[in-house]
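For reference, query18.pdb is printed below; it contains PDB, C-alpha atoms and all ligand atoms.
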```pdb
ATOM      1  CA  MET A  22     -30.586 -12.526 -40.877
ATOM      2  CA  PRO A  23     -34.336 -12.544 -41.637
ATOM      3  CA  ASP A  24     -35.827  -9.533 -43.324
ATOM      4  CA  PHE A  25     -37.382  -7.780 -40.326
ATOM      5  CA  ILE A  26     -39.477  -4.704 -41.139
ATOM      6  CA  PHE A  27     -37.764  -2.872 -38.265
ATOM      7  CA  PRO A  28     -34.802  -3.838 -36.092
ATOM      8  CA  PRO A  29     -35.766  -6.331 -33.352
ATOM      9  CA  MET A  30     -35.114  -5.246 -29.778
ATOM     10  CA  PRO A  31     -31.908  -6.700 -28.369
ATOM     11  CA  PRO A  32     -32.506  -9.089 -25.445
ATOM     12  CA  VAL A  33     -33.095  -7.493 -22.078
ATOM     13  CA  SER A  34     -30.197  -8.528 -19.891
ATOM     14  CA  VAL A  35     -29.089  -8.234 -16.288
ATOM     15  CA  ALA A  36     -25.511  -7.788 -15.107
ATOM     16  CA  ILE A  37     -23.736 -10.623 -13.306
ATOM     17  CA  HIS A  38     -21.946  -9.414 -10.187
ATOM     18  CA  GLY A  39     -18.185  -9.767 -10.407
ATOM     19  CA  ARG A  40     -18.188 -11.125 -13.942
ATOM     20  CA  ASP A  41     -18.030  -9.555 -17.355
ATOM     21  CA  ALA A  42     -21.136 -11.431 -18.450
ATOM     22  CA  TRP A  43     -24.863 -10.850 -18.745
ATOM     23  CA  PHE A  44     -28.003 -12.811 -17.943
ATOM     24  CA  PRO A  45     -30.385 -12.678 -20.928
ATOM     25  CA  VAL A  46     -33.979 -12.423 -19.698
ATOM     26  CA  HIS A  47     -36.636 -14.762 -21.072
ATOM     27  CA  ARG A  48     -39.699 -14.210 -18.842
ATOM     28  CA  VAL A  49     -40.481 -12.528 -15.532
ATOM     29  CA  TYR A  50     -42.786 -14.405 -13.146
ATOM     30  CA  CYS A  51     -43.948 -13.073  -9.786
ATOM     31  CA  VAL A  52     -45.572 -14.592  -6.707
ATOM     32  CA  GLY A  53     -48.283 -12.771  -4.807
ATOM     33  CA  LYS A  54     -48.557 -12.853  -1.019
ATOM     34  CA  ASN A  55     -45.720 -15.196  -0.075
ATOM     35  CA  TYR A  56     -45.115 -13.701   3.389
ATOM     36  CA  ALA A  57     -47.873 -14.140   5.979
ATOM     37  CA  GLU A  58     -47.647 -10.617   7.414
ATOM     38  CA  HIS A  59     -47.933  -9.097   3.938
ATOM     39  CA  ALA A  60     -50.893 -11.365   3.103
ATOM     40  CA  ARG A  61     -52.587 -10.045   6.249
ATOM     41  CA  GLU A  62     -51.869  -6.410   5.380
ATOM     42  CA  MET A  63     -53.461  -7.049   1.958
ATOM     43  CA  GLY A  64     -56.567  -8.434   3.640
ATOM     44  CA  SER A  65     -55.953 -12.144   2.961
ATOM     45  CA  ASP A  66     -55.733 -15.284   5.029
ATOM     46  CA  PRO A  67     -52.046 -16.192   5.109
ATOM     47  CA  ASP A  68     -52.589 -19.949   5.232
ATOM     48  CA  ARG A  69     -50.624 -22.000   2.771
ATOM     49  CA  GLU A  70     -53.048 -21.852  -0.113
ATOM     50  CA  ALA A  71     -51.439 -22.374  -3.527
ATOM     51  CA  PRO A  72     -49.300 -19.397  -4.491
ATOM     52  CA  CYS A  73     -50.814 -16.772  -6.764
ATOM     53  CA  PHE A  74     -48.694 -16.112  -9.867
ATOM     54  CA  PHE A  75     -48.618 -13.221 -12.301
ATOM     55  CA  SER A  76     -46.022 -11.993 -14.760
ATOM     56  CA  LYS A  77     -44.388  -8.885 -16.117
ATOM     57  CA  PRO A  78     -43.031  -8.345 -19.620
ATOM     58  CA  ALA A  79     -39.298  -9.018 -19.889
ATOM     59  CA  ASP A  80     -38.606  -5.420 -20.829
ATOM     60  CA  ALA A  81     -40.117  -4.190 -17.557
ATOM     61  CA  VAL A  82     -36.733  -5.242 -16.136
ATOM     62  CA  VAL A  83     -34.449  -2.251 -15.631
ATOM     63  CA  PRO A  84     -31.246  -1.753 -13.673
ATOM     64  CA  GLY A  85     -31.782  -1.325  -9.947
ATOM     65  CA  LEU A  86     -29.170   1.401  -9.777
ATOM     66  CA  GLY A  87     -30.040   4.777 -11.216
ATOM     67  CA  GLU A  88     -33.349   6.385 -12.022
ATOM     68  CA  ILE A  89     -36.799   5.061 -12.831
ATOM     69  CA  PRO A  90     -39.726   7.307 -13.718
ATOM     70  CA  TYR A  91     -42.983   7.315 -11.793
ATOM     71  CA  PRO A  92     -45.530   5.553 -14.035
ATOM     72  CA  PRO A  93     -48.443   7.419 -15.595
ATOM     73  CA  GLY A  94     -52.043   6.576 -14.743
ATOM     74  CA  SER A  95     -51.631   6.081 -11.012
ATOM     75  CA  SER A  96     -51.526   8.133  -7.852
ATOM     76  CA  ASN A  97     -50.603   5.271  -5.511
ATOM     77  CA  VAL A  98     -47.464   3.411  -6.602
ATOM     78  CA  HIS A  99     -46.000   1.003  -4.044
ATOM     79  CA  HIS A 100     -42.576  -0.551  -3.524
ATOM     80  CA  GLU A 101     -42.360  -4.331  -2.949
ATOM     81  CA  ILE A 102     -38.821  -5.491  -2.193
ATOM     82  CA  GLU A 103     -38.275  -9.096  -3.278
ATOM     83  CA  LEU A 104     -35.710 -11.859  -3.607
ATOM     84  CA  VAL A 105     -35.403 -12.771  -7.303
ATOM     85  CA  ALA A 106     -34.290 -16.216  -8.506
ATOM     86  CA  ALA A 107     -32.551 -16.420 -11.885
ATOM     87  CA  LEU A 108     -32.836 -19.666 -13.855
ATOM     88  CA  GLY A 109     -30.046 -21.069 -15.996
ATOM     89  CA  ALA A 110     -32.118 -24.001 -17.212
ATOM     90  CA  GLY A 111     -35.785 -24.898 -17.276
ATOM     91  CA  GLY A 112     -38.217 -27.764 -17.329
ATOM     92  CA  ARG A 113     -41.750 -28.877 -16.585
ATOM     93  CA  ASN A 114     -43.207 -30.566 -13.493
ATOM     94  CA  LEU A 115     -40.031 -30.133 -11.477
ATOM     95  CA  SER A 116     -39.617 -31.192  -7.865
ATOM     96  CA  PRO A 117     -38.409 -28.432  -5.515
ATOM     97  CA  GLU A 118     -34.941 -30.023  -5.561
ATOM     98  CA  GLN A 119     -34.862 -30.216  -9.369
ATOM     99  CA  ALA A 120     -36.114 -26.633  -9.589
ATOM    100  CA  LEU A 121     -33.432 -25.340  -7.217
ATOM    101  CA  ASP A 122     -30.825 -27.051  -9.371
ATOM    102  CA  ARG A 123     -31.908 -24.747 -12.233
ATOM    103  CA  VAL A 124     -31.190 -21.591 -10.216
ATOM    104  CA  VAL A 125     -27.909 -19.988 -11.283
ATOM    105  CA  GLY A 126     -28.137 -16.900  -9.132
ATOM    106  CA  TYR A 127     -30.139 -14.475  -7.041
ATOM    107  CA  ALA A 128     -30.816 -10.779  -7.219
ATOM    108  CA  VAL A 129     -32.802  -8.142  -5.384
ATOM    109  CA  GLY A 130     -35.778  -6.694  -7.227
ATOM    110  CA  VAL A 131     -38.587  -4.262  -6.599
ATOM    111  CA  ASP A 132     -42.035  -5.315  -7.803
ATOM    112  CA  MET A 133     -43.293  -1.792  -8.459
ATOM    113  CA  THR A 134     -47.089  -1.818  -8.199
ATOM    114  CA  ARG A 135     -49.842   0.622  -9.142
ATOM    115  CA  ARG A 136     -51.798  -0.219  -5.970
ATOM    116  CA  ASP A 137     -54.807   1.870  -6.938
ATOM    117  CA  LEU A 138     -55.192   0.003 -10.236
ATOM    118  CA  GLN A 139     -54.615  -3.330  -8.482
ATOM    119  CA  HIS A 140     -57.395  -2.636  -5.976
ATOM    120  CA  ALA A 141     -59.739  -1.605  -8.807
ATOM    121  CA  ALA A 142     -58.872  -4.766 -10.771
ATOM    122  CA  LYS A 143     -59.491  -6.975  -7.731
ATOM    123  CA  ASP A 144     -62.849  -5.284  -7.100
ATOM    124  CA  ARG A 145     -63.941  -5.807 -10.700
ATOM    125  CA  GLY A 146     -62.405  -9.237 -11.202
ATOM    126  CA  GLN A 147     -60.153  -7.829 -13.910
ATOM    127  CA  PRO A 148     -56.541  -8.745 -14.775
ATOM    128  CA  TRP A 149     -53.588  -7.200 -12.948
ATOM    129  CA  ASP A 150     -51.478  -6.306 -15.986
ATOM    130  CA  THR A 151     -51.808  -2.541 -15.745
ATOM    131  CA  ALA A 152     -51.137  -2.721 -11.991
ATOM    132  CA  LYS A 153     -48.036  -4.878 -12.280
ATOM    133  CA  GLY A 154     -46.651  -5.101 -15.800
ATOM    134  CA  PHE A 155     -45.884  -1.506 -16.705
ATOM    135  CA  ASP A 156     -42.669   0.038 -18.047
ATOM    136  CA  TYR A 157     -39.797   0.176 -15.526
ATOM    137  CA  SER A 158     -41.839  -1.912 -13.075
ATOM    138  CA  ALA A 159     -39.105  -4.482 -12.358
ATOM    139  CA  PRO A 160     -35.862  -2.781 -11.305
ATOM    140  CA  ILE A 161     -33.303  -5.423 -10.332
ATOM    141  CA  SER A 162     -29.785  -5.573  -8.900
ATOM    142  CA  PRO A 163     -26.900  -7.410 -10.594
ATOM    143  CA  ILE A 164     -27.233 -11.176 -10.170
ATOM    144  CA  THR A 165     -24.997 -12.981  -7.674
ATOM    145  CA  MET A 166     -24.167 -16.429  -9.043
ATOM    146  CA  VAL A 167     -24.586 -19.449  -6.749
ATOM    147  CA  GLU A 168     -23.651 -23.102  -6.875
ATOM    148  CA  HIS A 169     -26.309 -25.199  -8.579
ATOM    149  CA  GLY A 170     -28.868 -26.458  -6.109
ATOM    150  CA  SER A 171     -27.957 -24.043  -3.362
ATOM    151  CA  ASP A 172     -30.826 -22.292  -1.673
ATOM    152  CA  LEU A 173     -31.048 -18.988   0.108
ATOM    153  CA  GLN A 174     -32.802 -20.167   3.264
ATOM    154  CA  ARG A 175     -32.452 -17.071   5.376
ATOM    155  CA  GLY A 176     -31.178 -13.534   5.292
ATOM    156  CA  ARG A 177     -32.475 -10.062   5.978
ATOM    157  CA  ILE A 178     -34.652  -8.474   3.276
ATOM    158  CA  TRP A 179     -35.211  -4.742   3.612
ATOM    159  CA  ILE A 180     -35.949  -1.492   1.812
ATOM    160  CA  GLU A 181     -35.753   2.106   2.929
ATOM    161  CA  VAL A 182     -37.351   5.152   1.348
ATOM    162  CA  ASN A 183     -35.476   8.419   1.863
ATOM    163  CA  GLY A 184     -33.432   6.723   4.579
ATOM    164  CA  GLU A 185     -36.437   5.417   6.503
ATOM    165  CA  ILE A 186     -36.923   1.647   6.825
ATOM    166  CA  ARG A 187     -40.232   0.529   5.294
ATOM    167  CA  GLN A 188     -39.872  -3.232   4.901
ATOM    168  CA  ASP A 189     -37.593  -5.312   7.141
ATOM    169  CA  ALA A 190     -37.975  -9.078   7.363
ATOM    170  CA  ASP A 191     -36.161 -12.327   6.714
ATOM    171  CA  ILE A 192     -36.523 -14.488   3.634
ATOM    172  CA  SER A 193     -36.983 -17.483   5.963
ATOM    173  CA  ASP A 194     -40.436 -15.957   6.584
ATOM    174  CA  MET A 195     -41.560 -16.915   3.062
ATOM    175  CA  THR A 196     -44.652 -19.139   3.058
ATOM    176  CA  TRP A 197     -43.326 -21.062   0.024
ATOM    177  CA  ASN A 198     -39.553 -21.288  -0.299
ATOM    178  CA  VAL A 199     -37.752 -20.764  -3.605
ATOM    179  CA  GLY A 200     -37.751 -24.448  -4.582
ATOM    180  CA  GLU A 201     -41.450 -24.805  -3.789
ATOM    181  CA  VAL A 202     -42.335 -21.646  -5.727
ATOM    182  CA  LEU A 203     -40.406 -22.822  -8.799
ATOM    183  CA  ALA A 204     -41.832 -26.353  -8.579
ATOM    184  CA  GLN A 205     -45.395 -25.037  -8.544
ATOM    185  CA  LEU A 206     -44.656 -22.580 -11.345
ATOM    186  CA  SER A 207     -43.251 -25.437 -13.452
ATOM    187  CA  ARG A 208     -46.640 -27.159 -13.360
ATOM    188  CA  LEU A 209     -48.224 -24.147 -15.031
ATOM    189  CA  PHE A 210     -45.472 -23.041 -17.429
ATOM    190  CA  GLU A 211     -42.458 -24.642 -19.025
ATOM    191  CA  LEU A 212     -39.626 -22.856 -17.252
ATOM    192  CA  ARG A 213     -36.716 -21.766 -19.416
ATOM    193  CA  ALA A 214     -33.177 -20.518 -19.014
ATOM    194  CA  GLY A 215     -33.434 -16.758 -18.617
ATOM    195  CA  ASP A 216     -36.550 -16.780 -16.469
ATOM    196  CA  LEU A 217     -36.552 -14.447 -13.468
ATOM    197  CA  VAL A 218     -38.872 -15.220 -10.569
ATOM    198  CA  PHE A 219     -39.844 -12.525  -8.062
ATOM    199  CA  THR A 220     -40.617 -14.503  -4.904
ATOM    200  CA  GLY A 221     -42.962 -12.158  -3.052
ATOM    201  CA  THR A 222     -42.648  -9.279  -0.632
ATOM    202  CA  PRO A 223     -42.774  -8.990   3.159
ATOM    203  CA  ALA A 224     -45.060  -6.645   5.082
ATOM    204  CA  GLY A 225     -44.578  -2.899   4.993
ATOM    205  CA  VAL A 226     -45.366  -2.061   1.375
ATOM    206  CA  GLY A 227     -46.139   1.594   0.869
ATOM    207  CA  PRO A 228     -46.223   4.501  -1.548
ATOM    208  CA  VAL A 229     -43.346   6.148  -3.371
ATOM    209  CA  ASN A 230     -43.350   9.550  -5.023
ATOM    210  CA  PRO A 231     -41.199  11.399  -7.548
ATOM    211  CA  GLY A 232     -38.048  12.584  -5.790
ATOM    212  CA  ASP A 233     -37.939   9.602  -3.423
ATOM    213  CA  SER A 234     -34.805   7.514  -3.147
ATOM    214  CA  LEU A 235     -35.116   3.777  -2.579
ATOM    215  CA  ARG A 236     -32.356   1.612  -1.201
ATOM    216  CA  GLY A 237     -32.831  -2.052  -0.435
ATOM    217  CA  GLY A 238     -31.321  -5.470  -0.365
ATOM    218  CA  VAL A 239     -31.161  -9.052   0.695
ATOM    219  CA  GLU A 240     -28.284 -10.127   2.902
ATOM    220  CA  GLY A 241     -25.412 -11.397   0.764
ATOM    221  CA  LEU A 242     -26.662  -9.903  -2.515
ATOM    222  CA  GLN A 243     -26.068  -6.650  -4.364
ATOM    223  CA  GLU A 244     -28.288  -3.747  -3.286
ATOM    224  CA  ILE A 245     -30.691  -1.645  -5.305
ATOM    225  CA  ASP A 246     -30.408   2.132  -5.146
ATOM    226  CA  LEU A 247     -32.999   4.082  -7.107
ATOM    227  CA  LEU A 248     -34.282   7.600  -7.563
ATOM    228  CA  ILE A 249     -37.923   7.999  -8.625
ATOM    229  CA  THR A 250     -38.173  10.696 -11.280
ATOM    230  CA  PRO A 251     -41.336  12.434 -12.560
ATOM    231  CA  VAL A 252     -43.730  10.796 -15.025
ATOM    232  CA  ARG A 253     -42.259  10.759 -18.517
ATOM    233  CA  THR A 254     -44.521  12.261 -21.117
ATOM    234  CA  ALA A 255     -42.486  11.923 -24.325
ATOM    235  CA  GLY A 256     -42.224   8.537 -26.032
ATOM    236  CA  ALA A 257     -38.896   6.883 -26.561
ATOM    237  CA  GLU A 258     -37.476   6.956 -30.064
ATOM    238  CA  ASN A 259     -35.819   4.138 -31.985
ATOM    239  CA  GLY A 260     -38.407   1.501 -31.239
ATOM    240  CA  GLY A 261     -38.419   2.106 -27.519
ATOM    241  CA  ILE A 262     -34.735   2.767 -26.942
ATOM    242  CA  ASP A 263     -34.308   6.240 -25.533
ATOM    243  CA  PRO A 264     -30.714   7.358 -26.122
ATOM    244  CA  GLY A 265     -30.986   9.830 -23.260
ATOM    245  CA  GLN A 266     -31.713   7.089 -20.746
ATOM    246  CA  GLY A 267     -29.376   4.443 -22.058
ATOM    247  CA  GLY A 268     -32.247   2.351 -23.370
ATOM    248  CA  ARG A 269     -35.585   1.818 -21.718
ATOM    249  CA  SER A 270     -34.371  -1.405 -20.210
ATOM    250  CA  GLY A 271     -30.693  -0.712 -19.903
ATOM    251  CA  ILE A 272     -30.286  -3.164 -22.722
ATOM    252  CA  GLY A 273     -28.191  -3.760 -25.767
ATOM    253  CA  ALA A 274     -24.917  -1.998 -26.352
ATOM    254  CA  ASP A 275     -25.715   0.871 -24.031
ATOM    255  CA  CYS A 276     -25.883  -0.329 -20.446
ATOM    256  CA  ARG A 277     -24.330   2.642 -18.801
ATOM    257  CA  HIS A 278     -26.767   2.629 -15.902
ATOM    258  CA  TRP A 279     -24.832  -0.318 -14.588
ATOM    259  CA  PRO A 280     -21.912   0.664 -12.372
ATOM    260  CA  ASP A 281     -18.550  -0.997 -12.608
ATOM    261  CA  LYS A 282     -18.923  -4.464 -11.197
TER     262      LYS A 282
HETATM  263 MN    MN B   1     -44.826  -8.617  -5.332
END
```

Structure encoded using structure tokens:
Amino acid sequence: MPDFIFPPMPPVSVAIHGRDAWFPVHRVYCVGKNYAEHAREMGSDPDREAPCFFSKPADAVVPGLGEIPYPPGSSNVHHEIELVAALGAGGRNLSPEQALDRVVGYAVGVDMTRRDLQHAAKDRGQPWDTAKGFDYSAPISPITMVEHGSDLQRGRIWIEVNGEIRQDADISDMTWNVGEVLAQLSRLFELRAGDLVFTGTPAGVGPVNPGDSLRGGVEGLQEIDLLITPVRTAGAENGGIDPGQGGRSGIGADCRHWPDK
């Protein structure tokens, strides 16, 4: 064991549905505007231009069941329900078929977005990090394992806020399918086992507020079920692990936000 000056954070990990095993997270990549109707609602031309990629820190990943706090510094936080691909192996310059063969499972995630900061960043030509990569910004369901090379071609994707449907589409509406997204990503980054890829959101994004409950899913996968709590003002102790919340990322030994699988 090297002589660290403080204990390193344990790996962020995501539960595997139906198995007593965890998926250790390496990186979190996201695709912008991968459904035509959503591209239109964001003021873009939905033609098949190359996908726009951004990323979130691995420890933005939190369990999709339980509570997440409203982030500070924003008054317009949006939900974006997304299909998430989980990689069990990586590579560079992959074909869509090779990339799909690296997918070990799928989950449902919410790309939480500070829309006001994103609009300001777009206007000023500034990076999106504060709009996209904040704490608790990537709640995710347990991962459902799939056979290597199998694709999710279709299935309903939906989210409701306080029981009211906000986004309701089909993943077959994606401009770039999962294999194509991963193939293009692999030309920009070396993909690795543990990477999670948020594949974009359909139309209907909108604001959430403290007290709201979010429930959403993709047909065939585990659902997310979240309560938005007020902005947290106190910092977490123990290097970011808050004992009261079971760890900022639901990580390490204390993963009690996860239900029995
Ligand atoms: Mn998104």

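The closest residue to Gly176 of chain A, picked from A:Leu242, A:Leu212, A:Ile164, A:Val199 and counting all atoms listed in the file, is A:Leu242.
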
Q: Collect all residues with atoms no farther than 9 Å from ligand MN 1 (chain B), counting all atoms listed in the file, and output them as number ranges by chain.
A: A: 51-55, 100-103, 131-134, 153, 219-223

Residues from the last selection, C-alpha atoms, saved as a JSON list (two decimals), in the frame of the given file:
```
[["chain", "number", "residue", "atom", "x", "y", "z"],
["A", 51, "CYS", "CA", -43.95, -13.07, -9.79],
["A", 52, "VAL", "CA", -45.57, -14.59, -6.71],
["A", 53, "GLY", "CA", -48.28, -12.77, -4.81],
["A", 54, "LYS", "CA", -48.56, -12.85, -1.02],
["A", 55, "ASN", "CA", -45.72, -15.20, -0.08],
["A", 100, "HIS", "CA", -42.58, -0.55, -3.52],
["A", 101, "GLU", "CA", -42.36, -4.33, -2.95],
["A", 102, "ILE", "CA", -38.82, -5.49, -2.19],
["A", 103, "GLU", "CA", -38.28, -9.10, -3.28],
["A", 131, "VAL", "CA", -38.59, -4.26, -6.60],
["A", 132, "ASP", "CA", -42.04, -5.32, -7.80],
["A", 133, "MET", "CA", -43.29, -1.79, -8.46],
["A", 134, "THR", "CA", -47.09, -1.82, -8.20],
["A", 153, "LYS", "CA", -48.04, -4.88, -12.28],
["A", 219, "PHE", "CA", -39.84, -12.52, -8.06],
["A", 220, "THR", "CA", -40.62, -14.50, -4.90],
["A", 221, "GLY", "CA", -42.96, -12.16, -3.05],
["A", 222, "THR", "CA", -42.65, -9.28, -0.63],
["A", 223, "PRO", "CA", -42.77, -8.99, 3.16]]
```

Q.
Neighbouring residues of Glu181 of chain A were defined as those with any atom within 9 Å, considering all atoms listed in the file; residues of the same chain fewer than 5 positions away were excluded. Please report them as number ranges by chain.
A. A: 186-189, 234-237

What would the selection look like, as an mmCIF file with C-alpha atoms, in the coordinates of the input, if the PyMOL selection byres (((chain A and resi 125) around 10) and not hetatm) were run on the coordinates I just shared?
```
data_model
loop_
_atom_site.group_PDB
_atom_site.id
_atom_site.type_symbol
_atom_site.label_atom_id
_atom_site.label_comp_id
_atom_site.auth_asym_id
_atom_site.auth_seq_id
_atom_site.Cartn_x
_atom_site.Cartn_y
_atom_site.Cartn_z
ATOM 1 C CA PHE A 44 -28.003 -12.811 -17.943
ATOM 2 C CA ALA A 106 -34.290 -16.216 -8.506
ATOM 3 C CA ALA A 107 -32.551 -16.420 -11.885
ATOM 4 C CA LEU A 108 -32.836 -19.666 -13.855
ATOM 5 C CA GLY A 109 -30.046 -21.069 -15.996
ATOM 6 C CA ALA A 110 -32.118 -24.001 -17.212
ATOM 7 C CA LEU A 121 -33.432 -25.340 -7.217
ATOM 8 C CA ASP A 122 -30.825 -27.051 -9.371
ATOM 9 C CA ARG A 123 -31.908 -24.747 -12.233
ATOM 10 C CA VAL A 124 -31.190 -21.591 -10.216
ATOM 11 C CA GLY A 126 -28.137 -16.900 -9.132
ATOM 12 C CA TYR A 127 -30.139 -14.475 -7.041
ATOM 13 C CA ILE A 164 -27.233 -11.176 -10.170
ATOM 14 C CA THR A 165 -24.997 -12.981 -7.674
ATOM 15 C CA MET A 166 -24.167 -16.429 -9.043
ATOM 16 C CA VAL A 167 -24.586 -19.449 -6.749
ATOM 17 C CA GLU A 168 -23.651 -23.102 -6.875
ATOM 18 C CA HIS A 169 -26.309 -25.199 -8.579
ATOM 19 C CA GLY A 170 -28.868 -26.458 -6.109
ATOM 20 C CA SER A 171 -27.957 -24.043 -3.362
ATOM 21 C CA ALA A 214 -33.177 -20.518 -19.014
ATOM 22 C CA GLY A 215 -33.434 -16.758 -18.617
#
```

Q | Residue IDs satisfying the PyMOL selection byres (((chain A and resi 150) around 9) and not hetatm), as a ChimeraX atom specification | A | /A:75-77,139,148-149,151-155

Q.
I need the residue nearest Arg175 of chain A from this list: A:Leu115, A:Ala190, A:Val226, A:Ala142. Use only C-alpha atoms for the distance.
A.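 Using only C-alpha atoms, Arg175 of chain A sits closest to A:Ala190.
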
Q: Can you work out which one of A:Ala255, A:Leu173, A:Leu248, A:Ile26 has the shortest atom-to-atom distance to Gly200 of chain A, counting all atoms listed in the file?
A: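 That would be A:Leu173, the residue with the smallest distance to Gly200 of chain A.
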
**Q.** Distance of atom CA of His47 of chain A from atom CA of Ala159 of chain A, expressed in Å to one decimal place
**A.**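 Taking atom CA of Ala159 of chain A and atom CA of His47 of chain A, their separation equals 13.7 Å.
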
**Q.** the PyMOL selection byres (((chain A and resi 247) around 10) and not hetatm) resolved against shown file, as JSON, numbers by chain
**A.** {"A": [84, 85, 86, 87, 88, 89, 90, 160, 182, 232, 233, 234, 235, 236, 237, 244, 245, 246, 248, 249, 250]}

Q: Please identify all polymer residues within 9 Å of segment 63-66 of chain A, counting only C-alpha atoms, omitting same-chain residues fewer than 5 positions from it, and present them as a list in words.
A: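 Contacts, with the query itself left out: Lys54, Ala57, Glu58 and Ala224 of chain A.
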
(Q) Just checking: using only C-alpha atoms, which residue out of A:Val83, A:Val46, A:Ala128, A:Ala120 ends up closest to Glu211 of chain A? (A) A:Ala120

Q: Using atom CA of Val229 of chain A and atom CA of Thr254 of chain A as the two end points, give the distance in Å to one decimal.
A: 18.8 Å

Q.
I'd like to know which of A:Gly94, A:Glu118, A:Gln174, A:Asp216 is closest to Arg136 of chain A, using all atoms listed in the file.
A.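 Closest candidate: A:Gly94.
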
(Q) Just the number, please: distance in Å from atom CA of Val33 of chain A to atom CA of Val129 of chain A, one decimal. (A)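 So the two atoms, atom CA of Val33 of chain A and atom CA of Val129 of chain A, lie 16.7 Å apart.
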